[in-house]
>>> print(open('target.cif').read())   # mmCIF, C-alpha atoms
data_my_file
#
loop_
_atom_site.group_PDB
_atom_site.id
_atom_site.type_symbol
_atom_site.label_atom_id
_atom_site.label_comp_id
_atom_site.auth_asym_id
_atom_site.auth_seq_id
_atom_site.Cartn_x
_atom_site.Cartn_y
_atom_site.Cartn_z
ATOM 1 C CA MET A 1 182.156 142.534 182.430
ATOM 2 C CA ALA A 2 185.773 141.544 181.682
ATOM 3 C CA TRP A 3 186.324 141.014 177.983
ATOM 4 C CA PRO A 4 187.345 137.300 178.188
ATOM 5 C CA VAL A 5 183.989 136.548 179.841
ATOM 6 C CA THR A 6 182.137 138.524 177.167
ATOM 7 C CA LEU A 7 184.059 136.646 174.445
ATOM 8 C CA LEU A 8 183.260 133.259 176.031
ATOM 9 C CA LEU A 9 179.567 134.176 176.329
ATOM 10 C CA GLY A 10 179.500 135.278 172.692
ATOM 11 C CA LEU A 11 181.089 132.005 171.583
ATOM 12 C CA CYS A 12 178.541 129.994 173.567
ATOM 13 C CA ILE A 13 175.599 131.839 171.971
ATOM 14 C CA LEU A 14 177.088 131.391 168.491
ATOM 15 C CA MET A 15 177.696 127.666 169.014
ATOM 16 C CA SER A 16 174.220 126.990 170.361
ATOM 17 C CA ALA A 17 172.710 128.876 167.423
ATOM 18 C CA LEU A 18 174.805 126.828 164.957
ATOM 19 C CA SER A 19 173.960 123.502 166.582
ATOM 20 C CA ALA A 20 170.215 124.297 166.625
ATOM 21 C CA GLN A 21 170.373 125.093 162.924
ATOM 22 C CA ALA A 22 172.274 121.921 162.107
ATOM 23 C CA ASP A 23 169.867 119.589 163.897
ATOM 24 C CA PRO A 24 166.702 118.950 161.824
ATOM 25 C CA ASP A 25 164.978 117.247 164.764
ATOM 26 C CA ALA A 26 165.402 120.372 166.890
ATOM 27 C CA ILE A 27 163.860 122.458 164.117
ATOM 28 C CA ARG A 28 160.944 120.052 163.766
ATOM 29 C CA SER A 29 160.231 119.845 167.477
ATOM 30 C CA SER A 30 160.185 123.585 167.850
ATOM 31 C CA ALA A 31 157.789 123.871 164.885
ATOM 32 C CA MET A 32 155.437 121.388 166.593
ATOM 33 C CA SER A 33 155.471 123.258 169.901
ATOM 34 C CA GLU A 34 154.576 126.632 168.413
ATOM 35 C CA THR A 35 151.064 127.988 168.805
ATOM 36 C CA ARG A 36 148.970 126.256 166.155
ATOM 37 C CA PRO A 37 147.722 128.462 163.368
ATOM 38 C CA SER A 38 144.059 128.617 162.554
ATOM 39 C CA TYR A 39 142.534 129.131 159.104
ATOM 40 C CA GLN A 40 139.118 130.408 158.096
ATOM 41 C CA VAL A 41 136.732 128.814 155.625
ATOM 42 C CA GLN A 42 133.402 130.198 154.474
ATOM 43 C CA PRO A 43 130.557 128.639 152.509
ATOM 44 C CA ILE A 44 130.610 129.202 148.755
ATOM 45 C CA GLY A 45 127.046 127.868 148.590
ATOM 46 C CA TRP A 46 124.532 125.518 150.181
ATOM 47 C CA ILE A 47 123.036 122.075 149.604
ATOM 48 C CA ARG A 48 119.336 122.340 148.671
ATOM 49 C CA LYS A 49 116.891 119.467 148.393
ATOM 50 C CA ARG A 50 113.535 119.745 146.676
ATOM 51 C CA ASP A 51 111.106 117.195 145.248
ATOM 52 C CA GLY A 52 113.639 114.397 145.673
ATOM 53 C CA ARG A 53 116.294 116.334 143.729
ATOM 54 C CA THR A 54 119.562 117.732 145.073
ATOM 55 C CA PHE A 55 121.115 121.079 144.160
ATOM 56 C CA ILE A 56 124.014 123.264 145.202
ATOM 57 C CA GLU A 57 123.087 126.929 145.217
ATOM 58 C CA PHE A 58 126.139 129.206 145.024
ATOM 59 C CA TYR A 59 126.490 132.795 146.118
ATOM 60 C CA GLU A 60 126.176 135.144 143.155
ATOM 61 C CA ASP A 61 129.754 136.433 143.610
ATOM 62 C CA TYR A 62 131.152 132.948 142.897
ATOM 63 C CA ARG A 63 129.434 132.715 139.488
ATOM 64 C CA PRO A 64 132.765 133.251 137.585
ATOM 65 C CA ALA A 65 134.335 130.336 139.504
ATOM 66 C CA LEU A 66 131.778 127.956 137.972
ATOM 67 C CA LEU A 67 132.959 128.498 134.367
ATOM 68 C CA GLY A 68 133.519 125.041 132.884
ATOM 69 C CA VAL A 69 131.743 123.049 135.604
ATOM 70 C CA ASP A 70 128.998 122.228 133.073
ATOM 71 C CA GLN A 71 131.616 120.310 131.059
ATOM 72 C CA LEU A 72 132.330 117.911 133.927
ATOM 73 C CA ASP A 73 130.508 114.596 134.324
ATOM 74 C CA SER A 74 131.296 114.403 138.017
ATOM 75 C CA LEU A 75 133.144 116.379 140.673
ATOM 76 C CA TRP A 76 134.244 116.386 144.271
ATOM 77 C CA VAL A 77 131.987 118.331 146.587
ATOM 78 C CA LEU A 78 133.683 119.443 149.790
ATOM 79 C CA TYR A 79 131.293 120.498 152.511
ATOM 80 C CA TRP A 80 131.187 121.200 156.242
ATOM 81 C CA PHE A 81 129.589 118.915 158.839
ATOM 82 C CA ASP A 82 128.044 121.987 160.439
ATOM 83 C CA ARG A 83 125.679 119.965 162.664
ATOM 84 C CA ASN A 84 128.742 118.649 164.528
ATOM 85 C CA ASP A 85 130.556 121.953 164.931
ATOM 86 C CA THR A 86 130.933 121.857 168.721
ATOM 87 C CA PRO A 87 134.142 121.475 170.735
ATOM 88 C CA GLU A 88 132.810 118.120 172.029
ATOM 89 C CA GLN A 89 132.167 116.591 168.592
ATOM 90 C CA ARG A 90 135.427 117.960 167.227
ATOM 91 C CA SER A 91 137.381 116.330 170.022
ATOM 92 C CA ILE A 92 136.128 112.800 169.214
ATOM 93 C CA LEU A 93 139.190 110.895 167.954
ATOM 94 C CA GLN A 94 137.941 107.296 167.818
ATOM 95 C CA VAL A 95 134.633 105.787 166.714
ATOM 96 C CA HIS A 96 132.988 102.438 166.056
ATOM 97 C CA PRO A 97 132.699 102.553 162.257
ATOM 98 C CA ARG A 98 129.134 103.079 161.021
ATOM 99 C CA GLY A 99 128.099 103.672 164.653
ATOM 100 C CA ASN A 100 128.009 99.913 165.225
ATOM 101 C CA PRO A 101 129.522 98.871 168.613
ATOM 102 C CA ALA A 102 130.332 95.480 167.040
ATOM 103 C CA ASN A 103 132.903 97.195 164.827
ATOM 104 C CA PRO A 104 136.203 97.633 166.689
ATOM 105 C CA LEU A 105 137.243 101.201 167.560
ATOM 106 C CA ARG A 106 139.098 103.071 164.841
ATOM 107 C CA GLY A 107 140.807 106.431 164.665
ATOM 108 C CA VAL A 108 138.647 109.005 162.882
ATOM 109 C CA PHE A 109 141.461 109.546 160.338
ATOM 110 C CA ALA A 110 140.971 105.911 159.252
ATOM 111 C CA THR A 111 137.212 106.485 158.776
ATOM 112 C CA ARG A 112 134.805 108.854 157.046
ATOM 113 C CA ALA A 113 133.028 109.619 160.343
ATOM 114 C CA PRO A 114 131.230 112.979 160.442
ATOM 115 C CA MET A 115 132.926 113.910 163.713
ATOM 116 C CA ARG A 116 136.603 114.789 163.427
ATOM 117 C CA PRO A 117 138.882 117.699 164.328
ATOM 118 C CA ASN A 118 138.281 119.542 161.034
ATOM 119 C CA LEU A 119 134.723 118.902 159.910
ATOM 120 C CA ILE A 120 135.486 118.677 156.187
ATOM 121 C CA ALA A 121 133.420 116.151 154.225
ATOM 122 C CA MET A 122 133.954 115.058 150.642
ATOM 123 C CA SER A 123 131.678 113.265 148.192
ATOM 124 C CA ARG A 124 132.090 112.412 144.538
ATOM 125 C CA CYS A 125 128.909 113.562 142.777
ATOM 126 C CA ARG A 126 127.539 113.412 139.243
ATOM 127 C CA VAL A 127 126.730 116.733 137.606
ATOM 128 C CA LEU A 128 123.174 116.533 136.243
ATOM 129 C CA GLY A 129 122.894 120.136 135.103
ATOM 130 C CA VAL A 130 124.048 123.707 135.662
ATOM 131 C CA GLU A 131 121.758 126.720 135.487
ATOM 132 C CA GLY A 132 123.288 130.034 136.460
ATOM 133 C CA THR A 133 124.563 129.641 140.014
ATOM 134 C CA VAL A 134 122.676 126.403 140.711
ATOM 135 C CA ILE A 135 124.125 122.941 140.004
ATOM 136 C CA GLU A 136 121.966 119.862 140.110
ATOM 137 C CA ILE A 137 123.822 116.786 141.386
ATOM 138 C CA ASP A 138 122.813 113.221 142.092
ATOM 139 C CA ASP A 139 122.138 112.406 145.716
ATOM 140 C CA ILE A 140 124.684 113.372 148.352
ATOM 141 C CA ASP A 141 125.013 112.051 151.892
ATOM 142 C CA ALA A 142 124.511 115.499 153.428
ATOM 143 C CA PHE A 143 121.557 117.250 155.023
ATOM 144 C CA ALA A 144 119.692 119.978 153.149
ATOM 145 C CA GLU A 145 121.070 123.429 154.037
ATOM 146 C CA THR A 146 124.596 122.110 154.539
ATOM 147 C CA PRO A 147 127.345 124.641 153.728
ATOM 148 C CA VAL A 148 129.495 123.784 150.689
ATOM 149 C CA LEU A 149 133.187 124.751 150.801
ATOM 150 C CA ASP A 150 134.684 123.767 147.466
ATOM 151 C CA LEU A 151 134.265 121.918 144.181
ATOM 152 C CA LYS A 152 137.084 120.097 142.402
ATOM 153 C CA PRO A 153 137.182 118.033 139.205
ATOM 154 C CA MET B 1 92.456 154.108 164.620
ATOM 155 C CA ALA B 2 88.951 152.882 163.685
ATOM 156 C CA TRP B 3 88.586 149.143 164.258
ATOM 157 C CA PRO B 4 87.849 148.190 160.570
ATOM 158 C CA VAL B 5 91.182 149.762 159.578
ATOM 159 C CA THR B 6 92.981 147.893 162.359
ATOM 160 C CA LEU B 7 91.340 144.643 161.265
ATOM 161 C CA LEU B 8 92.320 145.201 157.613
ATOM 162 C CA LEU B 9 95.912 145.992 158.600
ATOM 163 C CA GLY B 10 96.051 142.856 160.770
ATOM 164 C CA LEU B 11 94.762 140.726 157.896
ATOM 165 C CA CYS B 12 97.385 142.170 155.526
ATOM 166 C CA ILE B 13 100.222 141.378 157.942
ATOM 167 C CA LEU B 14 98.891 137.841 158.480
ATOM 168 C CA MET B 15 98.583 137.211 154.720
ATOM 169 C CA SER B 16 102.051 138.492 153.901
ATOM 170 C CA ALA B 17 103.528 136.312 156.674
ATOM 171 C CA LEU B 18 101.692 133.260 155.317
ATOM 172 C CA SER B 19 102.722 133.905 151.717
ATOM 173 C CA ALA B 20 106.381 134.364 152.690
ATOM 174 C CA GLN B 21 106.247 131.030 154.490
ATOM 175 C CA ALA B 22 104.639 129.276 151.545
ATOM 176 C CA ASP B 23 107.180 130.480 148.975
ATOM 177 C CA PRO B 24 110.369 128.355 149.038
ATOM 178 C CA ASP B 25 112.182 130.851 146.818
ATOM 179 C CA ALA B 26 111.642 133.592 149.375
ATOM 180 C CA ILE B 27 113.054 131.333 152.100
ATOM 181 C CA ARG B 28 116.089 130.460 149.982
ATOM 182 C CA SER B 29 116.839 134.028 148.998
ATOM 183 C CA SER B 30 116.723 135.209 152.583
ATOM 184 C CA ALA B 31 119.105 132.389 153.573
ATOM 185 C CA MET B 32 121.533 133.556 150.874
ATOM 186 C CA SER B 33 121.454 137.178 151.973
ATOM 187 C CA GLU B 34 122.257 136.456 155.613
ATOM 188 C CA THR B 35 125.731 137.157 156.940
ATOM 189 C CA ARG B 36 127.907 134.245 155.857
ATOM 190 C CA PRO B 37 129.163 132.003 158.617
ATOM 191 C CA SER B 38 132.843 131.318 159.007
ATOM 192 C CA TYR B 39 134.405 128.070 160.254
ATOM 193 C CA GLN B 40 137.808 127.412 161.776
ATOM 194 C CA VAL B 41 140.255 124.707 160.771
ATOM 195 C CA GLN B 42 143.585 123.932 162.416
ATOM 196 C CA PRO B 43 146.486 121.745 161.350
ATOM 197 C CA ILE B 44 146.485 118.187 162.686
ATOM 198 C CA GLY B 45 150.066 117.825 161.474
ATOM 199 C CA TRP B 46 152.607 118.941 158.872
ATOM 200 C CA ILE B 47 154.178 117.675 155.654
ATOM 201 C CA ARG B 48 157.894 116.909 156.165
ATOM 202 C CA LYS B 49 160.396 116.076 153.448
ATOM 203 C CA ARG B 50 163.768 114.526 154.147
ATOM 204 C CA ASP B 51 166.266 112.630 151.987
ATOM 205 C CA GLY B 52 163.783 112.410 149.123
ATOM 206 C CA ARG B 53 161.114 110.870 151.382
ATOM 207 C CA THR B 54 157.801 112.407 152.419
ATOM 208 C CA PHE B 55 156.205 112.190 155.850
ATOM 209 C CA ILE B 56 153.262 113.595 157.729
ATOM 210 C CA GLU B 57 154.111 114.427 161.325
ATOM 211 C CA PHE B 58 151.017 114.637 163.543
ATOM 212 C CA TYR B 59 150.594 116.466 166.808
ATOM 213 C CA GLU B 60 150.896 114.083 169.726
ATOM 214 C CA ASP B 61 147.300 114.723 170.845
ATOM 215 C CA TYR B 62 145.976 113.252 167.581
ATOM 216 C CA ARG B 63 147.742 109.916 168.082
ATOM 217 C CA PRO B 64 144.447 108.088 168.969
ATOM 218 C CA ALA B 65 142.886 109.329 165.700
ATOM 219 C CA LEU B 66 145.513 107.377 163.720
ATOM 220 C CA LEU B 67 144.386 103.954 164.982
ATOM 221 C CA GLY B 68 143.922 101.755 161.925
ATOM 222 C CA VAL B 69 145.690 104.027 159.429
ATOM 223 C CA ASP B 70 148.485 101.439 159.200
ATOM 224 C CA GLN B 71 145.946 99.015 157.715
ATOM 225 C CA LEU B 72 145.218 101.293 154.752
ATOM 226 C CA ASP B 73 147.107 101.023 151.464
ATOM 227 C CA SER B 74 146.256 104.581 150.473
ATOM 228 C CA LEU B 75 144.317 107.545 151.819
ATOM 229 C CA TRP B 76 143.170 111.055 151.048
ATOM 230 C CA VAL B 77 145.355 113.763 152.500
ATOM 231 C CA LEU B 78 143.584 117.097 152.891
ATOM 232 C CA TYR B 79 145.919 120.035 153.372
ATOM 233 C CA TRP B 80 145.942 123.820 153.286
ATOM 234 C CA PHE B 81 147.553 125.916 150.532
ATOM 235 C CA ASP B 82 149.014 128.164 153.228
ATOM 236 C CA ARG B 83 151.378 129.972 150.820
ATOM 237 C CA ASN B 84 148.314 131.440 149.090
ATOM 238 C CA ASP B 85 146.446 132.495 152.203
ATOM 239 C CA THR B 86 146.001 136.160 151.302
ATOM 240 C CA PRO B 87 142.758 137.991 150.455
ATOM 241 C CA GLU B 88 144.130 138.578 146.926
ATOM 242 C CA GLN B 89 144.844 134.917 146.169
ATOM 243 C CA ARG B 90 141.599 133.798 147.749
ATOM 244 C CA SER B 91 139.618 136.155 145.525
ATOM 245 C CA ILE B 92 140.960 134.647 142.262
ATOM 246 C CA LEU B 93 137.964 132.952 140.627
ATOM 247 C CA GLN B 94 139.289 132.079 137.151
ATOM 248 C CA VAL B 95 142.640 130.740 135.966
ATOM 249 C CA HIS B 96 144.365 129.429 132.868
ATOM 250 C CA PRO B 97 144.715 125.739 133.801
ATOM 251 C CA ARG B 98 148.290 124.735 134.626
ATOM 252 C CA GLY B 99 149.250 128.433 134.465
ATOM 253 C CA ASN B 100 149.426 128.196 130.675
ATOM 254 C CA PRO B 101 147.876 131.255 128.921
ATOM 255 C CA ALA B 102 147.172 129.000 125.914
ATOM 256 C CA ASN B 103 144.592 127.133 128.012
ATOM 257 C CA PRO B 104 141.254 128.984 127.984
ATOM 258 C CA LEU B 105 140.119 130.548 131.263
ATOM 259 C CA ARG B 106 138.274 128.261 133.638
ATOM 260 C CA GLY B 107 136.489 128.768 136.923
ATOM 261 C CA VAL B 108 138.619 127.604 139.854
ATOM 262 C CA PHE B 109 135.835 125.177 140.879
ATOM 263 C CA ALA B 110 136.420 123.352 137.563
ATOM 264 C CA THR B 111 140.176 123.079 138.272
ATOM 265 C CA ARG B 112 142.561 121.959 141.003
ATOM 266 C CA ALA B 113 144.266 125.368 141.077
ATOM 267 C CA PRO B 114 145.996 126.221 144.392
ATOM 268 C CA MET B 115 144.235 129.565 144.560
ATOM 269 C CA ARG B 116 140.539 129.396 145.422
ATOM 270 C CA PRO B 117 138.179 130.849 148.034
ATOM 271 C CA ASN B 118 138.802 128.019 150.540
ATOM 272 C CA LEU B 119 142.400 126.847 150.216
ATOM 273 C CA ILE B 120 141.703 123.160 150.760
ATOM 274 C CA ALA B 121 143.842 120.745 148.739
ATOM 275 C CA MET B 122 143.391 117.010 148.420
ATOM 276 C CA SER B 123 145.746 114.275 147.214
ATOM 277 C CA ARG B 124 145.405 110.524 147.140
ATOM 278 C CA CYS B 125 148.587 109.091 148.688
ATOM 279 C CA ARG B 126 150.003 105.641 149.299
ATOM 280 C CA VAL B 127 150.778 104.751 152.908
ATOM 281 C CA LEU B 128 154.359 103.445 153.056
ATOM 282 C CA GLY B 129 154.604 103.106 156.814
ATOM 283 C CA VAL B 130 153.369 104.359 160.174
ATOM 284 C CA GLU B 131 155.603 104.898 163.183
ATOM 285 C CA GLY B 132 153.998 106.520 166.189
ATOM 286 C CA THR B 133 152.683 109.876 165.040
ATOM 287 C CA VAL B 134 154.594 109.903 161.760
ATOM 288 C CA ILE B 135 153.228 108.457 158.514
ATOM 289 C CA GLU B 136 155.435 107.959 155.497
ATOM 290 C CA ILE B 137 153.637 108.517 152.203
ATOM 291 C CA ASP B 138 154.689 108.480 148.575
ATOM 292 C CA ASP B 139 155.312 111.857 147.033
ATOM 293 C CA ILE B 140 152.722 114.593 147.392
ATOM 294 C CA ASP B 141 152.371 117.769 145.347
ATOM 295 C CA ALA B 142 152.776 119.999 148.407
ATOM 296 C CA PHE B 143 155.658 121.995 149.840
ATOM 297 C CA ALA B 144 157.515 120.782 152.910
ATOM 298 C CA GLU B 145 156.048 122.335 156.074
ATOM 299 C CA THR B 146 152.540 122.473 154.614
ATOM 300 C CA PRO B 147 149.764 122.154 157.214
ATOM 301 C CA VAL B 148 147.667 118.971 157.000
ATOM 302 C CA LEU B 149 143.955 119.214 157.873
ATOM 303 C CA ASP B 150 142.538 115.728 157.581
ATOM 304 C CA LEU B 151 143.046 112.129 156.484
ATOM 305 C CA LYS B 152 140.289 109.944 155.048
ATOM 306 C CA PRO B 153 140.279 106.389 153.690
#
>>> encode(input="target.cif", output="structure tokens")
Amino acid sequence: MAWPVTLLLGLCILMSALSAQADPDAIRSSAMSETRPSYQVQPIGWIRKRDGRTFIEFYEDYRPALLGVDQLDSLWVLYWFDRNDTPEQRSILQVHPRGNPANPLRGVFATRAPMRPNLIAMSRCRVLGVEGTVIEIDDIDAFAETPVLDLKP
Amino acid sequence: MAWPVTLLLGLCILMSALSAQADPDAIRSSAMSETRPSYQVQPIGWIRKRDGRTFIEFYEDYRPALLGVDQLDSLWVLYWFDRNDTPEQRSILQVHPRGNPANPLRGVFATRAPMRPNLIAMSRCRVLGVEGTVIEIDDIDAFAETPVLDLKP
């Protein structure tokens, strides 16, 4: 290749690189078109129900993470809608709130519907007692044997 | 084998099966010793910051899920502490709250620390505006380019 052509080519590459860097929209669009990452979550414990009472039973290895929970009056319980963990349920994007066809359609992000792309649920619960790796809470709108993902004050 | 021995053995097996079924603690313990399931989450969008303003930019395919979000004054934003997504950070179970060694150690489930087994974060945010697949919110304690997992009213 003659050197003026090589020089011209080099300049073109440099300029396109500079313009891509200077344009925030170009950066954003390319970020949105990348392959989407995927993250893993695992249960830290499970919802248990017995004799009309509700408990969260934690795995023994998370015992240190519970230090101080007994000093809280209430906390956020994050759990997984595992009964809906199918590609079909996770692709539902609009619902009639409370399952009532009389309610106009709404996007799932504007509702607490148990079907949504990421099946994370959250409930504010009262702490009734802590014994070892078991926390008793007031009632929670989750089935028994539901996986719990996190607690937060 | 003589038939009385066979009969006795059969009875023993039957009784142990029945007693295992009748004992809720046995059922619970076996559930806790099973291999732990793992669930997948994926970003629905990303935190963007520009000129001192904060936005969430959603993937185009989630546009229908935003129907009605413009009618909310505020919402929960669930996001992923992706900067801490290493086995080391996810195995931290106790912290000094606010990173201050003067604060006594606490279990991560009694704090909002950004290192925890499942790196889910939640913030209550005001909705300042919605335009297509971009929502403007007031400030959020998350880095720019943080993956967003869910919105809830």
>>> closest_atom_pairs(input="target.cif", of="chain A", to="chain B", cutoff="6 Å", atoms="only C-alpha atoms", output="JSON lines")
{"residue": "A:Ser38", "atom": "CA", "partner": "B:Gln42", "partner_atom": "CA", "distance": 4.7}
{"residue": "A:Tyr39", "atom": "CA", "partner": "B:Val41", "partner_atom": "CA", "distance": 5.2}
{"residue": "A:Gln40", "atom": "CA", "partner": "B:Gln40", "partner_atom": "CA", "distance": 4.9}
{"residue": "A:Val41", "atom": "CA", "partner": "B:Tyr39", "partner_atom": "CA", "distance": 5.2}
{"residue": "A:Gln42", "atom": "CA", "partner": "B:Ser38", "partner_atom": "CA", "distance": 4.7}
{"residue": "A:Pro64", "atom": "CA", "partner": "B:Gly107", "partner_atom": "CA", "distance": 5.9}
{"residue": "A:Ala65", "atom": "CA", "partner": "B:Gly107", "partner_atom": "CA", "distance": 3.7}
{"residue": "A:Leu66", "atom": "CA", "partner": "B:Gly107", "partner_atom": "CA", "distance": 4.9}
{"residue": "A:Leu67", "atom": "CA", "partner": "B:Gly107", "partner_atom": "CA", "distance": 4.4}
{"residue": "A:Gly68", "atom": "CA", "partner": "B:Ala110", "partner_atom": "CA", "distance": 5.8}
{"residue": "A:Val69", "atom": "CA", "partner": "B:Ala110", "partner_atom": "CA", "distance": 5.1}
{"residue": "A:Leu93", "atom": "CA", "partner": "B:Ala65", "partner_atom": "CA", "distance": 4.6}
{"residue": "A:Gln94", "atom": "CA", "partner": "B:Ala65", "partner_atom": "CA", "distance": 5.8}
{"residue": "A:Arg106", "atom": "CA", "partner": "B:Leu67", "partner_atom": "CA", "distance": 5.4}
{"residue": "A:Gly107", "atom": "CA", "partner": "B:Ala65", "partner_atom": "CA", "distance": 3.7}
{"residue": "A:Val108", "atom": "CA", "partner": "B:Ala65", "partner_atom": "CA", "distance": 5.1}
{"residue": "A:Phe109", "atom": "CA", "partner": "B:Leu151", "partner_atom": "CA", "distance": 4.9}
{"residue": "A:Ala110", "atom": "CA", "partner": "B:Val69", "partner_atom": "CA", "distance": 5.1}
{"residue": "A:Thr111", "atom": "CA", "partner": "B:Pro153", "partner_atom": "CA", "distance": 5.9}
{"residue": "A:Arg112", "atom": "CA", "partner": "B:Lys152", "partner_atom": "CA", "distance": 5.9}
{"residue": "A:Asn118", "atom": "CA", "partner": "B:Val41", "partner_atom": "CA", "distance": 5.5}
{"residue": "A:Leu151", "atom": "CA", "partner": "B:Phe109", "partner_atom": "CA", "distance": 4.9}
{"residue": "A:Lys152", "atom": "CA", "partner": "B:Phe109", "partner_atom": "CA", "distance": 5.4}
{"residue": "A:Pro153", "atom": "CA", "partner": "B:Ala110", "partner_atom": "CA", "distance": 5.6}
>>> atom_distance(input="target.cif", atom1="CA of Phe81 in chain A", atom2="CA of Phe55 in chain A")
17.1 Å
>>> atom_distance(input="target.cif", atom1="CA of Ala144 in chain A", atom2="CA of Lys49 in chain A")
5.5 Å
>>> atom_distance(input="target.cif", atom1="CA of Asn84 in chain B", atom2="CA of Met115 in chain B")
6.4 Å
